[in-house]
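Asks: My file is my_file-v3.csv. It has CSV, C-alpha atoms:
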chain,number,residue,atom,x,y,z
F,187,MET,CA,23.1,-9.6,5.5
F,188,VAL,CA,21.6,-12.8,7.1
F,189,GLU,CA,22.4,-13.6,10.7
F,190,SER,CA,24.4,-16.8,11.0
F,191,ILE,CA,22.5,-19.9,11.9
F,192,VAL,CA,25.5,-22.1,11.9
F,193,ASP,CA,28.3,-22.4,14.4
F,194,THR,CA,31.3,-22.6,12.0
F,195,GLY,CA,33.5,-23.9,14.7
F,196,LYS,CA,31.6,-27.2,14.8
F,197,ARG,CA,31.8,-30.2,12.5
F,198,ASP,CA,30.9,-30.1,8.8
F,199,LEU,CA,27.2,-30.3,8.3
F,200,LEU,CA,25.5,-33.4,6.7
F,201,PRO,CA,23.6,-32.8,3.5
F,202,ALA,CA,20.3,-33.3,5.2
F,203,GLU,CA,21.2,-30.7,7.8
F,204,ARG,CA,22.3,-28.1,5.2
F,205,GLN,CA,19.1,-28.6,3.2
F,206,ASP,CA,17.0,-28.3,6.3
F,207,MET,CA,18.7,-25.0,7.2
F,208,ILE,CA,18.2,-23.7,3.7
F,209,LEU,CA,14.5,-24.4,3.9
F,210,SER,CA,14.4,-22.8,7.4
F,211,LEU,CA,16.1,-19.7,6.1
F,212,LEU,CA,13.5,-19.4,3.3
F,213,THR,CA,10.7,-19.3,5.8
F,214,ARG,CA,12.2,-16.0,7.0
F,215,GLN,CA,13.2,-14.4,3.7
F,216,SER,CA,12.0,-14.9,0.2
F,217,VAL,CA,15.3,-15.1,-1.7
F,218,VAL,CA,18.7,-16.4,-0.9
F,219,THR,CA,21.9,-16.4,-3.0
F,220,VAL,CA,24.4,-19.2,-3.5
F,221,THR,CA,27.2,-17.0,-2.2
F,222,GLU,CA,25.2,-16.1,0.9
F,223,LEU,CA,24.4,-19.7,1.6
F,224,ALA,CA,28.0,-20.9,1.1
F,225,ASP,CA,29.2,-18.4,3.7
F,226,LEU,CA,26.4,-19.2,6.0
F,227,LEU,CA,26.8,-22.9,5.9
F,228,ASN,CA,30.6,-22.9,5.8
F,229,THR,CA,30.7,-24.9,2.6
F,230,THR,CA,31.5,-24.4,-1.1
F,231,GLU,CA,29.2,-22.8,-3.7
F,232,ILE,CA,29.3,-26.1,-5.7
F,233,THR,CA,27.9,-27.9,-2.7
F,234,VAL,CA,25.2,-25.3,-2.2
F,235,ARG,CA,24.1,-25.5,-5.9
F,236,ARG,CA,23.8,-29.3,-5.5
F,237,ASP,CA,21.7,-28.9,-2.4
F,238,LEU,CA,19.4,-26.3,-4.1
F,239,THR,CA,19.0,-28.7,-7.1
F,240,ILE,CA,17.9,-31.5,-4.8
F,241,LEU,CA,15.4,-29.3,-3.0
F,242,ALA,CA,14.1,-27.8,-6.2
F,243,ASN,CA,13.6,-31.3,-7.7
F,244,ALA,CA,11.7,-32.2,-4.6
F,245,GLY,CA,9.4,-29.2,-5.2
F,246,LEU,CA,10.5,-27.5,-2.0
F,247,LEU,CA,11.9,-24.3,-3.5
F,248,LYS,CA,12.4,-22.5,-6.8
F,249,ARG,CA,15.8,-22.2,-8.4
F,250,VAL,CA,16.6,-18.7,-9.7
F,251,ARG,CA,19.8,-17.5,-11.3
F,252,GLY,CA,22.4,-17.2,-8.6
F,253,GLY,CA,20.3,-18.7,-5.8
F,254,ALA,CA,16.8,-19.8,-4.8
F,255,MET,CA,13.5,-18.4,-3.7
F,256,SER,CA,10.7,-19.7,-1.5
F,257,LEU,CA,7.7,-21.2,-3.2
F,258,SER,CA,4.7,-19.0,-4.1
F,259,GLY,CA,1.2,-20.2,-3.6
F,260,THR,CA,2.1,-23.0,-1.2
F,261,THR,CA,0.2,-24.9,1.3
F,262,THR,CA,1.6,-26.8,4.3
F,263,ARG,CA,1.7,-30.6,4.3
F,264,LYS,CA,2.4,-33.0,7.2
F,265,GLY,CA,5.8,-32.4,8.7
F,266,GLY,CA,5.7,-28.6,7.9
F,267,ALA,CA,7.3,-28.8,4.4
F,268,PRO,CA,5.7,-26.6,1.8
F,269,ARG,CA,3.7,-28.1,-1.1
F,270,LEU,CA,2.9,-26.5,-4.5
F,271,SER,CA,-0.7,-25.5,-4.9
F,272,SER,CA,-2.8,-26.7,-7.9
F,273,ALA,CA,-1.4,-25.9,-11.3
F,274,ILE,CA,-2.4,-22.6,-12.9
F,275,PRO,CA,-3.8,-22.9,-16.5
F,276,PRO,CA,-1.8,-21.6,-19.4
F,277,ILE,CA,-2.1,-17.9,-20.2
F,278,PRO,CA,-2.1,-16.9,-23.9
F,279,THR,CA,0.5,-14.4,-25.0
F,280,PRO,CA,1.4,-12.9,-28.4
F,281,ASP,CA,3.3,-14.7,-31.2
F,282,GLY,CA,1.6,-18.0,-30.4
F,283,ILE,CA,3.2,-18.5,-27.0
F,284,SER,CA,0.3,-20.1,-25.2
F,285,ASP,CA,1.7,-23.2,-23.6
F,286,LEU,CA,3.6,-21.5,-20.8
F,287,THR,CA,2.2,-21.5,-17.3
F,288,VAL,CA,2.7,-18.3,-15.2
F,289,PRO,CA,3.0,-18.9,-11.5
F,290,SER,CA,1.0,-16.7,-9.1
F,291,LEU,CA,3.0,-15.1,-6.3
F,292,SER,CA,1.3,-15.0,-2.9
F,293,ASP,CA,2.3,-12.6,-0.3
F,294,ASP,CA,3.1,-15.2,2.3
F,295,MET,CA,6.8,-15.4,1.4
F,296,SER,CA,8.3,-14.9,4.8
F,297,GLY,CA,5.5,-12.5,5.6
F,298,ASN,CA,6.7,-10.2,2.9
F,299,GLN,CA,5.0,-9.5,-0.4
F,300,PRO,CA,7.3,-10.4,-3.3
F,301,VAL,CA,8.9,-7.5,-5.1
F,302,ILE,CA,9.5,-6.9,-8.8
F,303,GLY,CA,12.1,-4.3,-9.5
F,304,ALA,CA,11.8,-2.0,-12.5
F,305,MET,CA,14.3,0.5,-14.0
F,306,MET,CA,13.0,2.5,-17.0
F,307,PRO,CA,14.3,5.7,-18.6
F,308,GLU,CA,13.1,9.1,-17.5
F,309,PRO,CA,9.3,9.7,-17.5
F,310,SER,CA,8.0,10.4,-21.0
F,311,PHE,CA,4.9,9.7,-23.1
F,312,PHE,CA,5.8,5.9,-23.4
F,313,TRP,CA,7.5,4.6,-20.2
F,314,PRO,CA,4.9,5.6,-17.6
F,315,ASN,CA,2.3,3.5,-19.4
F,316,VAL,CA,4.7,0.5,-19.4
F,317,ILE,CA,5.3,0.9,-15.7
F,318,GLU,CA,1.6,1.1,-15.0
F,319,SER,CA,1.0,-2.1,-17.0
F,320,ILE,CA,3.8,-3.8,-15.0
F,321,ARG,CA,2.2,-2.7,-11.7
F,322,GLU,CA,-1.3,-3.9,-12.7
F,323,THR,CA,-0.1,-7.3,-13.9
F,324,ALA,CA,2.2,-7.8,-10.9
F,325,ALA,CA,-0.7,-7.0,-8.5
F,326,GLU,CA,-2.8,-9.7,-10.2
F,327,LEU,CA,0.0,-12.2,-9.5
F,328,GLY,CA,0.4,-11.1,-5.8
F,329,ALA,CA,3.5,-8.9,-6.2
F,330,ARG,CA,4.3,-5.2,-5.8
F,331,VAL,CA,6.6,-3.2,-8.0
F,332,VAL,CA,9.5,-1.0,-6.9
F,333,SER,CA,10.5,1.3,-9.8
F,334,ARG,CA,13.4,3.7,-10.3
F,335,GLU,CA,14.1,6.1,-13.1
F,336,SER,CA,17.2,6.1,-15.2
F,337,SER,CA,18.0,8.6,-18.0
F,338,TYR,CA,18.9,8.7,-21.6
F,339,ASP,CA,21.9,10.8,-20.6
F,340,ARG,CA,25.2,9.6,-19.1
F,341,ILE,CA,24.2,8.1,-15.7
F,342,ASP,CA,25.6,5.1,-13.7
F,343,GLU,CA,22.6,2.7,-13.9
F,344,THR,CA,24.4,0.2,-11.7
F,345,GLU,CA,23.9,2.4,-8.7
F,346,ILE,CA,20.1,2.4,-9.4
F,347,LEU,CA,20.2,-1.4,-9.8
F,348,ASP,CA,22.2,-1.9,-6.6
F,349,MET,CA,19.4,0.1,-4.8
F,350,ILE,CA,16.7,-2.1,-6.3
F,351,ALA,CA,18.7,-5.3,-5.5
F,352,GLY,CA,18.7,-4.2,-1.8
F,353,GLU,CA,14.9,-4.9,-1.6
F,354,PRO,CA,14.6,-7.9,0.9
F,355,ALA,CA,11.8,-9.6,-1.0
F,356,LEU,CA,13.1,-9.0,-4.5
F,357,CYS,CA,12.3,-11.9,-6.9
F,358,GLY,CA,13.2,-10.3,-10.3
F,359,ILE,CA,13.9,-7.2,-12.3
F,360,ILE,CA,12.5,-5.7,-15.5
F,361,LEU,CA,14.7,-3.0,-17.0
F,362,SER,CA,15.6,-1.0,-20.1
F,363,PRO,CA,19.3,-0.2,-20.3
F,364,SER,CA,20.4,3.2,-21.6
F,365,GLY,CA,20.9,3.6,-25.3
F,366,ARG,CA,24.4,5.0,-24.7
F,367,PRO,CA,27.1,2.3,-25.4
F,368,ASP,CA,29.4,3.6,-22.7
F,369,VAL,CA,26.7,3.4,-20.0
F,370,ALA,CA,24.9,0.3,-21.3
F,371,GLU,CA,28.1,-1.8,-21.2
F,372,LEU,CA,28.3,-1.4,-17.4
F,373,THR,CA,24.6,-2.2,-17.1
F,374,TRP,CA,24.9,-5.4,-19.1
F,375,GLU,CA,27.8,-6.5,-16.9
F,376,TRP,CA,25.5,-5.9,-13.8
F,377,ILE,CA,22.7,-7.9,-15.5
F,378,GLU,CA,25.1,-10.8,-16.0
F,379,ARG,CA,25.9,-11.1,-12.3
F,380,SER,CA,22.3,-10.1,-11.1
F,381,PRO,CA,21.3,-12.1,-8.0
F,382,VAL,CA,17.7,-12.5,-9.5
F,383,PRO,CA,16.2,-13.1,-12.9
F,384,VAL,CA,16.1,-10.2,-15.3
F,385,VAL,CA,13.9,-9.3,-18.3
F,386,VAL,CA,15.1,-6.6,-20.6
F,387,VAL,CA,12.5,-4.5,-22.4
F,388,GLU,CA,12.9,-2.6,-25.7
F,389,ARG,CA,16.6,-3.1,-26.1
F,390,ASP,CA,18.8,-5.3,-28.3
F,391,GLN,CA,21.4,-7.3,-26.3
F,392,PRO,CA,25.1,-6.7,-27.2
F,393,ILE,CA,26.1,-8.6,-30.3
F,394,PHE,CA,29.2,-10.1,-28.8
F,395,GLY,CA,28.1,-10.0,-25.1
F,396,THR,CA,28.1,-13.1,-22.9
F,397,CYS,CA,24.9,-12.2,-21.1
F,398,PHE,CA,21.8,-13.9,-22.3
F,399,VAL,CA,18.5,-13.0,-20.7
F,400,ASP,CA,14.8,-12.9,-21.7
F,401,SER,CA,13.6,-9.9,-23.5
F,402,VAL,CA,10.4,-8.3,-24.7
F,403,ARG,CA,10.5,-5.8,-27.6
F,404,THR,CA,8.4,-3.9,-30.0
F,405,ASN,CA,8.6,-5.6,-33.4
F,406,HIS,CA,9.8,-2.5,-35.3
F,407,HIS,CA,10.7,-4.4,-38.4
F,408,PHE,CA,7.1,-5.6,-38.7
F,409,GLY,CA,5.8,-2.1,-37.9
F,410,VAL,CA,7.8,-0.6,-40.7
F,411,ARG,CA,6.2,-3.1,-43.0
F,412,LYS,CA,2.8,-2.0,-41.9
F,413,ALA,CA,3.8,1.6,-42.7
F,414,ALA,CA,5.1,0.6,-46.2
F,415,VAL,CA,1.9,-1.3,-46.9
F,416,HIS,CA,-0.2,1.7,-45.8
F,417,PHE,CA,1.7,4.0,-48.2
F,418,LEU,CA,1.4,1.6,-51.1
F,419,GLN,CA,-2.3,1.1,-50.5
F,420,HIS,CA,-2.7,4.9,-51.0
F,421,GLY,CA,-0.6,5.0,-54.1
F,422,HIS,CA,2.8,6.2,-52.7
F,423,THR,CA,5.9,4.6,-54.2
F,424,ARG,CA,8.4,7.5,-53.9
F,425,ILE,CA,9.0,7.7,-50.2
F,426,GLY,CA,11.8,9.4,-48.2
F,427,ALA,CA,12.8,8.6,-44.6
F,428,ALA,CA,14.2,10.5,-41.7
F,429,PHE,CA,15.2,9.2,-38.2
F,430,SER,CA,16.2,10.9,-35.0
F,431,ASP,CA,19.0,9.5,-32.9
F,432,THR,CA,17.2,7.3,-30.3
F,433,PRO,CA,17.9,3.9,-28.7
F,434,THR,CA,15.5,2.2,-31.2
F,435,SER,CA,16.2,4.3,-34.3
F,436,THR,CA,18.9,1.9,-35.7
F,437,VAL,CA,16.4,-1.0,-35.5
F,438,ILE,CA,13.7,1.0,-37.3
F,439,GLU,CA,16.1,2.2,-40.0
F,440,ASN,CA,17.4,-1.3,-40.6
F,441,GLY,CA,13.8,-2.5,-41.0
F,442,TRP,CA,13.2,0.1,-43.6
F,443,LYS,CA,16.4,-0.7,-45.5
F,444,HIS,CA,15.4,-4.4,-45.5
F,445,ILE,CA,12.2,-3.5,-47.3
F,446,LEU,CA,14.0,-1.4,-49.8
F,447,ASN,CA,16.5,-4.2,-50.5
F,448,ASP,CA,13.9,-7.0,-50.7
F,449,SER,CA,11.5,-5.2,-53.1
F,450,ASP,CA,11.5,-2.8,-56.0
F,451,ARG,CA,8.0,-1.4,-55.3
F,452,ILE,CA,9.3,1.5,-53.3
F,453,GLU,CA,11.9,4.1,-54.5
F,454,CYS,CA,13.6,5.9,-51.6
F,455,PRO,CA,15.7,8.9,-52.9
F,456,PHE,CA,17.2,9.6,-49.4
F,457,ILE,CA,17.4,8.5,-45.8
F,458,GLU,CA,18.4,11.1,-43.3
F,459,ASP,CA,19.5,9.8,-39.8
F,460,GLY,CA,20.7,11.3,-36.6
F,461,ILE,CA,18.6,14.5,-37.0
F,462,GLN,CA,17.1,15.7,-33.8
F,463,PRO,CA,13.8,17.7,-33.9
F,464,TYR,CA,15.5,20.8,-32.3
F,465,ASP,CA,18.2,20.8,-35.0
F,466,THR,CA,16.8,23.7,-37.1
F,467,SER,CA,19.3,23.4,-39.9
F,468,GLY,CA,19.0,19.6,-40.0
F,469,VAL,CA,15.2,19.8,-40.3
F,470,ASP,CA,15.5,22.5,-42.9
F,471,GLY,CA,17.9,20.2,-44.8
F,472,ILE,CA,15.3,17.3,-44.7
F,473,VAL,CA,12.6,19.6,-46.1
F,474,ASP,CA,15.0,20.8,-48.9
F,475,LYS,CA,15.4,17.1,-49.9
F,476,ILE,CA,11.7,16.4,-49.7
F,477,ILE,CA,10.9,19.3,-52.0
F,478,GLY,CA,13.9,18.8,-54.3
F,479,SER,CA,13.4,15.0,-54.7
F,480,GLY,CA,9.7,15.0,-55.4
F,481,VAL,CA,8.8,12.4,-52.8
F,482,THR,CA,5.1,12.2,-52.1
F,483,ALA,CA,5.5,10.6,-48.6
F,484,MET,CA,7.8,10.4,-45.6
F,485,LEU,CA,8.5,7.8,-42.9
F,486,VAL,CA,9.7,9.6,-39.8
F,487,HIS,CA,10.9,8.7,-36.4
F,488,SER,CA,10.3,10.2,-33.9
F,489,ASP,CA,7.0,12.0,-33.4
F,490,TYR,CA,8.8,15.2,-32.5
F,491,LEU,CA,10.9,15.1,-35.7
F,492,ALA,CA,7.7,14.4,-37.8
F,493,ILE,CA,6.0,17.4,-36.2
F,494,ALA,CA,9.0,19.7,-36.9
F,495,ILE,CA,9.2,18.5,-40.5
F,496,ALA,CA,5.4,19.2,-41.0
F,497,GLN,CA,5.8,22.7,-39.5
F,498,VAL,CA,8.6,23.6,-41.9
F,499,LEU,CA,6.8,22.1,-44.9
F,500,GLU,CA,3.8,24.3,-44.2
F,501,ARG,CA,6.0,27.4,-43.9
F,502,ARG,CA,7.3,26.5,-47.3
F,503,GLY,CA,3.8,26.3,-48.7
F,504,LYS,CA,3.6,22.4,-48.6
F,505,ARG,CA,0.6,20.9,-46.9
F,506,VAL,CA,0.3,17.6,-45.0
F,507,PRO,CA,-1.1,15.4,-46.3
F,508,ASP,CA,-2.2,17.1,-49.6
F,509,ASP,CA,1.4,17.7,-50.8
F,510,VAL,CA,3.4,15.3,-48.6
F,511,SER,CA,2.0,12.4,-46.6
F,512,LEU,CA,3.6,11.4,-43.2
F,513,ILE,CA,3.7,8.4,-41.0
F,514,SER,CA,5.5,8.8,-37.7
F,515,ILE,CA,7.0,6.0,-35.7
F,516,ASP,CA,6.6,6.6,-31.9
F,517,GLY,CA,2.9,6.9,-31.8
F,518,TYR,CA,2.3,9.4,-29.1
F,519,ALA,CA,1.7,12.5,-31.1
F,520,THR,CA,-1.9,13.3,-30.2
F,521,PRO,CA,-4.6,14.5,-32.5
F,522,SER,CA,-4.6,17.8,-30.5
F,523,SER,CA,-0.9,18.4,-31.2
F,524,ARG,CA,-1.1,17.4,-34.9
F,525,PRO,CA,-3.2,14.6,-36.5
F,526,LEU,CA,-0.4,12.3,-37.7
F,527,THR,CA,-0.8,8.7,-38.7
F,528,VAL,CA,1.4,6.9,-36.3
F,529,LEU,CA,2.9,3.5,-35.4
F,530,ARG,CA,2.4,3.0,-31.7
F,531,SER,CA,4.2,0.5,-29.5
F,532,ASN,CA,1.7,-1.4,-27.3
F,533,SER,CA,2.9,-0.3,-23.8
F,534,LYS,CA,0.2,-2.3,-22.0
F,535,ASP,CA,1.1,-5.5,-23.8
F,536,LEU,CA,4.8,-4.9,-23.3
F,537,GLY,CA,4.4,-4.4,-19.6
F,538,GLU,CA,2.1,-7.4,-19.1
F,539,ILE,CA,4.3,-9.7,-21.1
F,540,CYS,CA,7.5,-8.6,-19.2
F,541,VAL,CA,5.9,-9.6,-15.9
F,542,ARG,CA,4.7,-12.9,-17.2
F,543,THR,CA,8.0,-13.7,-18.8
F,544,LEU,CA,9.8,-12.9,-15.6
F,545,MET,CA,7.4,-15.2,-13.6
F,546,GLN,CA,8.0,-18.0,-16.1
F,547,ARG,CA,11.8,-17.6,-15.7
F,548,ILE,CA,11.4,-17.8,-11.9
F,549,ALA,CA,9.3,-21.0,-12.2
F,550,THR,CA,11.7,-22.6,-14.8
F,551,PRO,CA,15.2,-21.1,-14.4
F,552,ASP,CA,16.8,-23.5,-16.7
F,553,ALA,CA,14.4,-23.1,-19.6
F,554,ALA,CA,15.7,-21.7,-22.9
F,555,THR,CA,16.0,-17.9,-23.1
F,556,LYS,CA,13.0,-16.2,-24.7
F,557,HIS,CA,12.8,-13.1,-26.9
F,558,ILE,CA,9.2,-12.0,-27.4
F,559,PHE,CA,8.2,-9.4,-30.0
F,560,VAL,CA,5.0,-7.4,-29.8
F,561,ASP,CA,3.7,-5.8,-33.0
F,562,PRO,CA,3.0,-2.0,-33.0
F,563,THR,CA,-0.4,-0.7,-33.9
F,564,LEU,CA,-1.0,1.6,-36.9
F,565,VAL,CA,-3.2,4.5,-35.9
F,566,ASP,CA,-4.7,6.1,-39.0
F,567,ARG,CA,-5.3,9.8,-38.4
F,568,GLY,CA,-5.5,10.8,-42.0
F,569,SER,CA,-2.0,12.1,-42.7
F,570,VAL,CA,-1.5,9.8,-45.7
F,571,ALA,CA,-3.4,11.1,-48.7
F,572,ASP,CA,-4.7,8.8,-51.4
F,573,ILE,CA,-2.9,9.7,-54.7
F,574,ARG,CA,-4.1,6.8,-56.8
F,575,GLU,CA,-6.6,8.9,-58.7
F,576,ARG,CA,-4.2,11.8,-59.4
Translate this structure into structure tokens?
Replies:
Amino acid sequence: MVESIVDTGKRDLLPAERQDMILSLLTRQSVVTVTELADLLNTTEITVRRDLTILANAGLLKRVRGGAMSLSGTTTRKGGAPRLSSAIPPIPTPDGISDLTVPSLSDDMSGNQPVIGAMMPEPSFFWPNVIESIRETAAELGARVVSRESSYDRIDETEILDMIAGEPALCGIILSPSGRPDVAELTWEWIERSPVPVVVVERDQPIFGTCFVDSVRTNHHFGVRKAAVHFLQHGHTRIGAAFSDTPTSTVIENGWKHILNDSDRIECPFIEDGIQPYDTSGVDGIVDKIIGSGVTAMLVHSDYLAIAIAQVLERRGKRVPDDVSLISIDGYATPSSRPLTVLRSNSKDLGEICVRTLMQRIATPDAATKHIFVDPTLVDRGSVADIRER
């Protein structure tokens, strides 16, 4: 809570006095909220927003959702007011987005290095690499990262976000809400009232939600197309599919169904979904269908389910890839665990683009919401046999 700098028992302040006090406050802390300022200045939130707009248009502060933040990379001009440093050249990003400038954050914001909050699911093969990329990119832009773990299980993520929001120099948050609808609903409500800009990573936003924020996601639809093309190039046209229950499985499965609906080049006798790799009877059932249907290849998500299927196939006398070819969508099964051809999300690119998207939002709070997709990489480890000569 900010100490009062206004004697509320005195007269109403003139606009110039309010604006001067706002700038004065931003020399002591990096971020202020509209609610905080309205209480501090003994005025209405509408009046505060008008003051912030005037100051932002004059280049004296940056507007962010719900408030304002001090300028980054500033120099001092005559009279003590801050001035923006020279413009930073555009930084290319995927999908042709190359005309967006990304501000650099200096650590002279009230003497505190600006903070980017991050909330990701429990540590696994994927998320630590995303966090590391976020840290590296933030450091290049003069910020530090405060990260907290959530979970795929039932957990109140709003408590974690409240903890992050308590960081004094917080300028924005990058997060991945839980895949559980009952938990994610509360998280999205928190995002909608967040005091700082938010970028969501690897999650679809609620279909009928009223919260619209920037997002960065793996382009799973395009990734599934890469898998389909790889199968076809090796002569496979009769292909089954199996999907574990994960926060991204629905998107992947829908991408596969779109391919089947839009083309007759692939025949898919069955799609099994909601099967977890530790579900012994479920995995056995998938293998029964593979053998009974005569498919020559399988598209599988996740890696662990693909490994479980391969193990049961081999116990049944079917070899991978000689008898059944496999492509796994997760991409973190290693050659030492099993040499599976995989579709791998680009964790480094995802983390970097999340930070740069957040910085762009801070610099231009009223710009149109952006949703950036990053294509996954197909890593060929030889688990798709060529059957064109058979």
Asks: List every protein, DNA or RNA residue that has an atom no more than 8 Å from (2.6, -1.9, -36.5) in the file's coordinate frame, counting all atoms listed in the file, and report them as number ranges by chain.
Replies: F: 405-406, 408-413, 529-531, 561-564
Asks: Which is closer to F:Arg451 than all the others in F:Thr423, F:Thr373, F:Ser467, F:Ser430, using only C-alpha atoms?
Replies: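 Nearest candidate to F:Arg451 out of F:Thr423, F:Thr373, F:Ser467, F:Ser430: F:Thr423.
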Asks: Rounded to one decimal place, report the atom CA of F:Glu378-atom CA of F:Val399 distance in Å.
Replies: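 Distance reported for this atom pair: 8.4 Å.
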Asks: Could you list, as number ranges by chain, every residue within 6 Å of stretch 380-390 of chain F, counting only C-alpha atoms and ignoring same-chain residues fewer than 6 positions away?
Replies: F: 251-252, 358-362, 400-403
Asks: May I have the residues from that selection written out with C-alpha atoms, as a compact mmCIF listing (two decimals), in the coordinates of the input?
Replies:
# COMPACT_ATOMS: atom_id res chain seq x y z
CA ARG F 251 19.80 -17.50 -11.30
CA GLY F 252 22.40 -17.20 -8.60
CA GLY F 358 13.20 -10.30 -10.30
CA ILE F 359 13.90 -7.20 -12.30
CA ILE F 360 12.50 -5.70 -15.50
CA LEU F 361 14.70 -3.00 -17.00
CA SER F 362 15.60 -1.00 -20.10
CA ASP F 400 14.80 -12.90 -21.70
CA SER F 401 13.60 -9.90 -23.50
CA VAL F 402 10.40 -8.30 -24.70
CA ARG F 403 10.50 -5.80 -27.60
Asks: May I have the residues within 12 Å of F:Ile240 as a ChimeraX atom specification, using all atoms listed in the file and disregarding those fewer than 6 positions away in the same chain?
Replies: /F:201-202,204-206,208-209,233-234,246-249,254
Asks: What lies within 12 Å of F:Asp465 using only C-alpha atoms, ignoring chain neighbours under 2 positions off, as a list in words?
Replies: Ser430, Asp431, Gly460, Ile461, Gln462, Pro463, Ser467, Gly468, Val469, Asp470, Gly471, Ile472, Tyr490, Leu491, Ala494 and Ile495 of chain F
Asks: Kindly save the residues from that selection, with C-alpha atoms included, as an mmCIF file, in the coordinates of the input.
Replies:
data_model
loop_
_atom_site.group_PDB
_atom_site.id
_atom_site.type_symbol
_atom_site.label_atom_id
_atom_site.label_comp_id
_atom_site.auth_asym_id
_atom_site.auth_seq_id
_atom_site.Cartn_x
_atom_site.Cartn_y
_atom_site.Cartn_z
ATOM 1 C CA SER F 430 16.200 10.900 -35.000
ATOM 2 C CA ASP F 431 19.000 9.500 -32.900
ATOM 3 C CA GLY F 460 20.700 11.300 -36.600
ATOM 4 C CA ILE F 461 18.600 14.500 -37.000
ATOM 5 C CA GLN F 462 17.100 15.700 -33.800
ATOM 6 C CA PRO F 463 13.800 17.700 -33.900
ATOM 7 C CA SER F 467 19.300 23.400 -39.900
ATOM 8 C CA GLY F 468 19.000 19.600 -40.000
ATOM 9 C CA VAL F 469 15.200 19.800 -40.300
ATOM 10 C CA ASP F 470 15.500 22.500 -42.900
ATOM 11 C CA GLY F 471 17.900 20.200 -44.800
ATOM 12 C CA ILE F 472 15.300 17.300 -44.700
ATOM 13 C CA TYR F 490 8.800 15.200 -32.500
ATOM 14 C CA LEU F 491 10.900 15.100 -35.700
ATOM 15 C CA ALA F 494 9.000 19.700 -36.900
ATOM 16 C CA ILE F 495 9.200 18.500 -40.500
#
Asks: Give me, please, the distance in Å between atom CA of F:Val250 and atom CA of F:Ser533, quoted to one decimal.
Replies: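 Value for the atom CA of F:Val250-atom CA of F:Ser533 distance: 26.9 Å.
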Asks: What is the atom CA of F:Ala428-atom CA of F:Ser514 distance in Å, reported with one decimal?
Replies: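 Separating atom CA of F:Ala428 from atom CA of F:Ser514 is a distance of 9.7 Å.
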Asks: Return the single residue from F:Pro354, F:Gly328, F:Pro307, F:Gly421 that is closest to F:Leu212, with distances computed using only C-alpha atoms.
Replies: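 Of the candidates, the smallest distance to F:Leu212 is held by F:Pro354.
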Asks: From the set F:Ser337, F:Thr230, F:Ser488, F:Thr323, which residue has the shortest atom-to-atom contact distance to F:Ala427, counting all atoms listed in the file?
Replies: F:Ser488
Asks: Taking all atoms listed in the file into account, name the residue in F:Ser319, F:Ser364, F:Ser479, F:Thr221 that is nearest to F:Ser336.
Replies: F:Ser364
Asks: Using only C-alpha atoms, which residue out of F:Leu536, F:Val560, F:Ile493, F:Leu226 lies closest to F:His407?
Replies: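 That would be F:Val560, the residue with the smallest distance to F:His407.
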Asks: Tell me which protein, DNA and RNA residues are within 9 Å of F:Ala496, counting all atoms listed in the file, leaving out same-chain ones fewer than 6 positions away, and put them as a PyMOL selection string.
Replies: chain F and resi 473+504-506+510+512
Asks: With distances taken over only C-alpha atoms, which residue among F:Leu372, F:Ile558, F:Val217, F:Ile350 lies nearest F:Gly253?
Replies: F:Val217
Asks: Do a neighbour search on F:Thr527 at 8 Å with only C-alpha atoms, toss out local chain neighbours closer than 3 positions, and write the hits as a PDB file with C-alpha atoms, in the frame of the given file.
Replies:
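Contents of the output file around-v1.pdb:
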ATOM      1  CA  LEU F 512       3.600  11.400 -43.200  1.00  0.00           C
ATOM      2  CA  ILE F 513       3.700   8.400 -41.000  1.00  0.00           C
ATOM      3  CA  SER F 514       5.500   8.800 -37.700  1.00  0.00           C
ATOM      4  CA  LEU F 564      -1.000   1.600 -36.900  1.00  0.00           C
ATOM      5  CA  VAL F 565      -3.200   4.500 -35.900  1.00  0.00           C
ATOM      6  CA  ASP F 566      -4.700   6.100 -39.000  1.00  0.00           C
ATOM      7  CA  ARG F 567      -5.300   9.800 -38.400  1.00  0.00           C
ATOM      8  CA  GLY F 568      -5.500  10.800 -42.000  1.00  0.00           C
ATOM      9  CA  SER F 569      -2.000  12.100 -42.700  1.00  0.00           C
ATOM     10  CA  VAL F 570      -1.500   9.800 -45.700  1.00  0.00           C
TER      11      VAL F 570
END
